[in-house]
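Report on the structure given below.
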Amino acid sequence: MNIAFIGIGQVGGALAGGLLRAGHRVLIAARDLQSESVRRAIQANPGLQAMSASEAVHLAEVVFLATPYSANGDALADLDLSGKVLVDCTNPVGPGLSHGLNSRTSGGEEVQRLAPGARVVKAFTIYGFENFEDNRYPAYGSLKPAMLIAGDDDGAKAVVGGLCDALGWRPVDVGPLASALHLEHMTLLWIRMARQQGRGPNFVWAMLERGAAT
Ligand SMILES: NC(=O)c1ccc[n+]([C@@H]2O[C@H](COP(=O)([O-])OP(=O)(O)OC[C@H]3O[C@@H](n4cnc5c(N)ncnc54)[C@H](OP(=O)(O)O)[C@@H]3O)[C@@H](O)[C@H]2O)c1
């Protein structure tokens with residue numbers, strides 16, 4: 001599959017590397033081909049291909065948005081994302097680790113407003129980038145870490161669920177895009193625990209279901 005990344009920093013770089021290793025063609029939708037983040041990402045994963053944002057988005061079936069939340073409007077402007085699966089990895093974080101939109105709506109729904117024709121799925125937000133670089137927790141055997149995803153388009157969620165699976169996550173569909181608000185709150189909890197309370201980044205959530213096949 002052709003997959004494009006708008007934003008190729010800590011989050012984008014880690015996910016792009018994993019998807020490349022999973023056998024996908026991964027394109028950097030670069031605003032500046034010479035930027036430090038593009039250079040670093042290609043150095044880490046020479047198989048990445050950088051090109052203009054419009055060209056990468058045109059070629060891609062799936063587009064990851066991994067920019068600072070405040071840059072989303074600028075990053076999405078002038079791009080034709082109609083019909084594309086748009087994976088929103090961004091988090092609106094406000095002062096004091098509050099929700100950046102005061103919990104009135106989710107960042108995921110705001111991304112949908114910025115790209116009305118796209119099939120937005122909120123995913124890869126609820127943990128720090130360290131877990132996108134390496135999500136192996138070998139002490140738990142075959143139990144996969146959970147990746148919670150939200151979106152209004154079931155087909156798009158199936159595509160993103162497949163990518164989660166390929167990256168070693170168990171995708172868990174938490175419902176419509178409006179549920180992204182709850183994922184963004186989970187993110188704030190994770191950041192608080194990992195970065196403020198001294199637990200560090202090496203933990204994730206798992207989904208245990210009574211009666212489910214193991
Ligand atoms: N860090 C985490 O642990 C983590 C975990 C989950 C989710 N998130 C969320 O993921 C997003 C990215 O975080 P990050 O830590 O990966 O950030 P980062 O390392 O600072 O990378 C940001 C990327 O976005 C690009 N960018 C900035 N402004 C842009 C614009 N106007 N148009 C196009 N590209 C632009 C940057 O390119 P340049 O090099 O050209 O500036 C860079 O490639 C944030 O919304 C964050 O809340 C972060």
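Convention: chains lettered A, B, ... in structure tokens order; per-chain residue numbering from 1; ligands numbered from 1 as shown.
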Review point. Which protein, DNA or RNA residues have an atom within 8 Å of ligand 1, counting only C-alpha atoms and all ligand atoms, as a ChimeraX atom specification?
Key: /A:6-13,30-32,35-38,65-76,89-93,124-130,187
I need the residues from that last selection saved to file as a short mmCIF file (atom, residue, chain, number, x, y, z; two decimals), in the first residue's frame (with N, CA and C atoms), if you can.
```
data_model
loop_
_atom_site.label_atom_id
_atom_site.label_comp_id
_atom_site.auth_asym_id
_atom_site.auth_seq_id
_atom_site.Cartn_x
_atom_site.Cartn_y
_atom_site.Cartn_z
N ILE A 6 2.39 13.23 6.65
CA ILE A 6 2.51 14.68 6.82
C ILE A 6 3.03 14.86 8.24
N GLY A 7 4.28 15.24 8.38
CA GLY A 7 4.92 15.28 9.70
C GLY A 7 5.70 13.99 9.90
N ILE A 8 7.02 14.13 10.02
CA ILE A 8 7.88 12.94 10.09
C ILE A 8 8.89 13.12 11.22
N GLY A 9 8.37 13.58 12.37
CA GLY A 9 9.20 13.77 13.56
C GLY A 9 9.23 12.50 14.40
N GLN A 10 9.08 12.66 15.70
CA GLN A 10 9.19 11.51 16.61
C GLN A 10 8.12 10.46 16.31
N VAL A 11 6.88 10.90 16.14
CA VAL A 11 5.78 9.97 15.91
C VAL A 11 5.80 9.47 14.46
N GLY A 12 5.81 10.42 13.52
CA GLY A 12 5.79 10.05 12.11
C GLY A 12 6.98 9.17 11.75
N GLY A 13 8.16 9.53 12.22
CA GLY A 13 9.36 8.78 11.88
C GLY A 13 9.28 7.33 12.38
N ALA A 30 6.45 16.17 2.26
CA ALA A 30 7.31 17.16 2.91
C ALA A 30 6.91 18.59 2.56
N ARG A 31 6.91 19.44 3.58
CA ARG A 31 6.72 20.87 3.26
C ARG A 31 8.06 21.45 2.87
N ASP A 32 9.15 20.85 3.38
CA ASP A 32 10.51 21.30 3.05
C ASP A 32 11.39 20.05 2.93
N SER A 35 14.35 19.76 5.33
CA SER A 35 14.20 20.00 6.77
C SER A 35 14.91 18.93 7.58
N GLU A 36 15.21 19.31 8.82
CA GLU A 36 15.93 18.42 9.73
C GLU A 36 15.16 17.13 9.96
N SER A 37 13.83 17.22 10.10
CA SER A 37 13.06 16.00 10.39
C SER A 37 13.05 15.06 9.19
N VAL A 38 13.01 15.61 7.99
CA VAL A 38 13.05 14.77 6.77
C VAL A 38 14.42 14.10 6.67
N LEU A 65 -1.36 11.96 9.61
CA LEU A 65 -1.12 13.34 10.03
C LEU A 65 -0.41 13.31 11.37
N ALA A 66 0.86 13.69 11.39
CA ALA A 66 1.67 13.61 12.62
C ALA A 66 2.43 14.92 12.81
N THR A 67 1.67 16.00 12.79
CA THR A 67 2.22 17.35 12.96
C THR A 67 1.84 17.87 14.35
N PRO A 68 2.49 18.92 14.84
CA PRO A 68 1.99 19.55 16.06
C PRO A 68 0.53 19.93 15.84
N TYR A 69 -0.31 19.74 16.86
CA TYR A 69 -1.75 19.99 16.65
C TYR A 69 -2.00 21.39 16.08
N SER A 70 -1.26 22.36 16.58
CA SER A 70 -1.49 23.75 16.15
C SER A 70 -1.14 23.96 14.67
N ALA A 71 -0.40 23.03 14.08
CA ALA A 71 0.01 23.17 12.67
C ALA A 71 -0.95 22.46 11.72
N ASN A 72 -1.97 21.79 12.27
CA ASN A 72 -2.83 20.96 11.41
C ASN A 72 -3.47 21.75 10.27
N GLY A 73 -3.98 22.95 10.60
CA GLY A 73 -4.67 23.75 9.57
C GLY A 73 -3.73 24.07 8.43
N ASP A 74 -2.54 24.52 8.79
CA ASP A 74 -1.54 24.87 7.78
C ASP A 74 -1.12 23.62 6.99
N ALA A 75 -0.92 22.51 7.71
CA ALA A 75 -0.42 21.29 7.05
C ALA A 75 -1.44 20.71 6.07
N LEU A 76 -2.72 20.88 6.37
CA LEU A 76 -3.75 20.26 5.52
C LEU A 76 -4.26 21.20 4.42
N CYS A 89 -2.97 11.39 14.12
CA CYS A 89 -2.11 11.02 15.25
C CYS A 89 -1.90 12.20 16.18
N THR A 90 -2.58 13.31 15.94
CA THR A 90 -2.24 14.54 16.66
C THR A 90 -3.05 14.68 17.95
N ASN A 91 -2.50 15.41 18.88
CA ASN A 91 -3.15 15.59 20.18
C ASN A 91 -3.24 17.07 20.53
N PRO A 92 -4.45 17.57 20.77
CA PRO A 92 -4.56 18.95 21.26
C PRO A 92 -4.28 18.98 22.76
N VAL A 93 -3.11 19.47 23.11
CA VAL A 93 -2.73 19.52 24.53
C VAL A 93 -2.67 20.98 24.96
N PHE A 124 -3.04 5.88 16.99
CA PHE A 124 -1.63 6.12 17.32
C PHE A 124 -1.44 7.42 18.09
N THR A 125 -2.31 7.62 19.06
CA THR A 125 -2.18 8.84 19.86
C THR A 125 -1.99 8.54 21.34
N ILE A 126 -2.44 7.40 21.81
CA ILE A 126 -2.63 7.26 23.26
C ILE A 126 -1.37 6.89 24.03
N TYR A 127 -0.25 6.73 23.33
CA TYR A 127 1.03 6.42 24.00
C TYR A 127 2.11 7.37 23.46
N GLY A 128 3.23 7.38 24.15
CA GLY A 128 4.36 8.15 23.65
C GLY A 128 5.03 7.47 22.46
N PHE A 129 5.79 8.25 21.74
CA PHE A 129 6.43 7.76 20.50
C PHE A 129 7.34 6.56 20.76
N GLU A 130 7.84 6.44 22.00
CA GLU A 130 8.75 5.32 22.30
C GLU A 130 8.08 3.98 22.02
N THR A 187 -4.81 9.98 26.37
CA THR A 187 -3.45 10.45 26.06
C THR A 187 -2.93 11.32 27.19
#
```
Practice item. Could you give me, as a PyMOL selection string, the residues within 7 Å of Leu81 in chain A, counting only C-alpha atoms and dropping anything in the same chain fewer than 4 positions from it? Key: chain A and resi 115+117-118
With N, CA and C atoms retained, export the selected residues as a PDB file, in the first residue's frame.
```pdb
ATOM      1  N   ALA A 115     -10.485  18.698   6.783  1.00  0.00           N
ATOM      2  CA  ALA A 115     -10.367  17.854   5.581  1.00  0.00           C
ATOM      3  C   ALA A 115     -11.695  17.124   5.382  1.00  0.00           C
ATOM      4  N   GLY A 117     -13.482  15.907   3.034  1.00  0.00           N
ATOM      5  CA  GLY A 117     -13.661  14.738   2.160  1.00  0.00           C
ATOM      6  C   GLY A 117     -12.894  13.510   2.616  1.00  0.00           C
ATOM      7  N   ALA A 118     -12.062  13.663   3.635  1.00  0.00           N
ATOM      8  CA  ALA A 118     -11.209  12.549   4.063  1.00  0.00           C
ATOM      9  C   ALA A 118     -11.978  11.606   4.986  1.00  0.00           C
TER      10      ALA A 118
END
```
Check your understanding: Which of these residues is nearest to Ala206 in chain A, using only C-alpha atoms: A:Ile191, A:Ala4, A:Ala44, A:Met147?
Key ->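 The answer is A:Met147, which sits nearest to Ala206 in chain A.
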**Study point:** Residues near range 51-61 of chain A, cut-off 7 Å, only C-alpha atoms, skip fewer than 4 positions along chain, as a list of chain:residue names
**Key:**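 Everything that qualifies: A:Met1, A:Asn2, A:Ile3, A:Ala4, A:Leu27, A:Ile28, A:Ala29, A:Ala30, A:Arg31, A:Leu33, A:Leu79, A:Lys84, A:Val85.
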Could you save the residues just selected, with N, CA and C atoms, as a PDB file, in the first residue's frame?
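File written: again15.pdb
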```
ATOM      1  N   MET A   1       0.843  -1.188   0.000  1.00  0.00           N
ATOM      2  CA  MET A   1       0.000   0.000   0.000  1.00  0.00           C
ATOM      3  C   MET A   1       0.890   1.253   0.000  1.00  0.00           C
ATOM      4  N   ASN A   2       0.456   2.306  -0.657  1.00  0.00           N
ATOM      5  CA  ASN A   2       1.186   3.575  -0.595  1.00  0.00           C
ATOM      6  C   ASN A   2       0.670   4.375   0.605  1.00  0.00           C
ATOM      7  N   ILE A   3       1.589   4.756   1.469  1.00  0.00           N
ATOM      8  CA  ILE A   3       1.210   5.464   2.697  1.00  0.00           C
ATOM      9  C   ILE A   3       2.050   6.746   2.782  1.00  0.00           C
ATOM     10  N   ALA A   4       1.385   7.880   3.000  1.00  0.00           N
ATOM     11  CA  ALA A   4       2.113   9.158   3.079  1.00  0.00           C
ATOM     12  C   ALA A   4       2.085   9.684   4.507  1.00  0.00           C
ATOM     13  N   LEU A  27       5.859   7.262   1.882  1.00  0.00           N
ATOM     14  CA  LEU A  27       6.229   8.538   1.277  1.00  0.00           C
ATOM     15  C   LEU A  27       6.186   9.644   2.326  1.00  0.00           C
ATOM     16  N   ILE A  28       7.153  10.523   2.287  1.00  0.00           N
ATOM     17  CA  ILE A  28       7.110  11.694   3.165  1.00  0.00           C
ATOM     18  C   ILE A  28       6.492  12.837   2.368  1.00  0.00           C
ATOM     19  N   ALA A  29       5.365  13.334   2.880  1.00  0.00           N
ATOM     20  CA  ALA A  29       4.705  14.495   2.265  1.00  0.00           C
ATOM     21  C   ALA A  29       5.360  15.729   2.870  1.00  0.00           C
ATOM     22  N   ALA A  30       6.450  16.166   2.262  1.00  0.00           N
ATOM     23  CA  ALA A  30       7.314  17.158   2.909  1.00  0.00           C
ATOM     24  C   ALA A  30       6.909  18.588   2.562  1.00  0.00           C
ATOM     25  N   ARG A  31       6.910  19.436   3.581  1.00  0.00           N
ATOM     26  CA  ARG A  31       6.722  20.868   3.260  1.00  0.00           C
ATOM     27  C   ARG A  31       8.064  21.454   2.873  1.00  0.00           C
ATOM     28  N   LEU A  33      11.813  19.757   1.715  1.00  0.00           N
ATOM     29  CA  LEU A  33      12.576  18.525   1.478  1.00  0.00           C
ATOM     30  C   LEU A  33      13.913  18.515   2.216  1.00  0.00           C
ATOM     31  N   LEU A  79      -4.424  20.642   0.291  1.00  0.00           N
ATOM     32  CA  LEU A  79      -4.241  19.234  -0.088  1.00  0.00           C
ATOM     33  C   LEU A  79      -5.593  18.622  -0.425  1.00  0.00           C
ATOM     34  N   LYS A  84      -9.452   9.782   0.832  1.00  0.00           N
ATOM     35  CA  LYS A  84      -8.262   9.176   1.450  1.00  0.00           C
ATOM     36  C   LYS A  84      -8.560   8.824   2.903  1.00  0.00           C
ATOM     37  N   VAL A  85      -7.953   7.726   3.351  1.00  0.00           N
ATOM     38  CA  VAL A  85      -7.980   7.426   4.780  1.00  0.00           C
ATOM     39  C   VAL A  85      -6.960   8.359   5.428  1.00  0.00           C
TER      40      VAL A  85
END
```
Practice item. Pull the strand (DSSP E or B) assignments for chain A out of DSSP run on the backbone, and list those residues as number ranges by chain. Key: A: 2-6, 25-30, 49-52, 62-65, 85-88, 93-94, 98-99, 119-122, 146-151, 170-173
Using the chain letters and numbers from this document, which residues of range 58-193 of chain A does DSSP assign to helix (DSSP H, G or I), as an mmCIF file with C-alpha atoms, in the first residue's frame?
```
data_model
loop_
_atom_site.group_PDB
_atom_site.id
_atom_site.type_symbol
_atom_site.label_atom_id
_atom_site.label_comp_id
_atom_site.auth_asym_id
_atom_site.auth_seq_id
_atom_site.Cartn_x
_atom_site.Cartn_y
_atom_site.Cartn_z
ATOM 1 C CA HIS A 58 -2.007 12.084 -4.498
ATOM 2 C CA LEU A 59 -0.109 8.760 -4.630
ATOM 3 C CA TYR A 69 -1.749 19.988 16.651
ATOM 4 C CA SER A 70 -1.485 23.752 16.149
ATOM 5 C CA ALA A 71 0.008 23.171 12.672
ATOM 6 C CA ASN A 72 -2.832 20.965 11.409
ATOM 7 C CA GLY A 73 -4.669 23.754 9.571
ATOM 8 C CA ASP A 74 -1.541 24.870 7.783
ATOM 9 C CA ALA A 75 -0.420 21.293 7.049
ATOM 10 C CA LEU A 76 -3.753 20.260 5.522
ATOM 11 C CA PRO A 95 -1.768 24.373 29.464
ATOM 12 C CA GLY A 96 -1.087 22.148 32.460
ATOM 13 C CA LEU A 97 -1.840 19.015 30.424
ATOM 14 C CA GLY A 107 -9.092 17.220 17.823
ATOM 15 C CA GLY A 108 -10.115 14.312 15.587
ATOM 16 C CA GLU A 109 -13.400 16.018 14.709
ATOM 17 C CA GLU A 110 -11.521 19.272 14.082
ATOM 18 C CA VAL A 111 -9.235 17.424 11.660
ATOM 19 C CA GLN A 112 -12.351 16.132 9.890
ATOM 20 C CA ARG A 113 -13.581 19.753 9.572
ATOM 21 C CA LEU A 114 -10.221 20.733 8.077
ATOM 22 C CA GLU A 130 8.750 5.319 22.300
ATOM 23 C CA ASN A 131 6.019 2.711 21.991
ATOM 24 C CA PHE A 132 5.745 3.359 18.267
ATOM 25 C CA GLU A 133 9.473 2.735 17.959
ATOM 26 C CA PRO A 138 7.870 -10.048 25.706
ATOM 27 C CA ALA A 139 6.988 -10.850 29.324
ATOM 28 C CA TYR A 140 3.331 -11.024 28.221
ATOM 29 C CA ASP A 154 -15.988 1.447 9.004
ATOM 30 C CA GLY A 155 -13.999 0.751 5.838
ATOM 31 C CA ALA A 156 -11.339 3.259 6.860
ATOM 32 C CA LYS A 157 -11.185 1.766 10.355
ATOM 33 C CA ALA A 158 -10.695 -1.696 8.818
ATOM 34 C CA VAL A 159 -7.734 -0.371 6.812
ATOM 35 C CA VAL A 160 -6.181 1.280 9.868
ATOM 36 C CA GLY A 161 -6.911 -1.823 11.945
ATOM 37 C CA GLY A 162 -4.934 -3.847 9.404
ATOM 38 C CA LEU A 163 -2.000 -1.462 9.721
ATOM 39 C CA CYS A 164 -2.181 -1.680 13.531
ATOM 40 C CA ASP A 165 -2.094 -5.446 13.243
ATOM 41 C CA ALA A 166 0.911 -5.337 10.897
ATOM 42 C CA LEU A 177 -14.984 9.859 15.588
ATOM 43 C CA ALA A 178 -16.666 11.666 18.500
ATOM 44 C CA SER A 179 -15.024 9.022 20.742
ATOM 45 C CA ALA A 180 -11.678 10.583 19.805
ATOM 46 C CA LEU A 181 -12.329 12.978 22.689
ATOM 47 C CA HIS A 182 -12.007 10.066 25.118
ATOM 48 C CA LEU A 183 -8.828 8.867 23.406
ATOM 49 C CA GLU A 184 -7.378 12.362 23.747
ATOM 50 C CA HIS A 185 -8.164 12.262 27.461
ATOM 51 C CA MET A 186 -6.474 8.847 27.690
ATOM 52 C CA THR A 187 -3.453 10.453 26.056
ATOM 53 C CA LEU A 188 -3.356 13.147 28.710
ATOM 54 C CA LEU A 189 -3.516 10.456 31.401
ATOM 55 C CA TRP A 190 -0.690 8.509 29.759
ATOM 56 C CA ILE A 191 1.483 11.646 29.514
ATOM 57 C CA ARG A 192 0.764 12.513 33.139
ATOM 58 C CA MET A 193 1.715 9.017 34.305
#
```
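Pairwise distance (CA of Val172 in chain A, CA of Ala194 in chain A) equals 22.0 Å.
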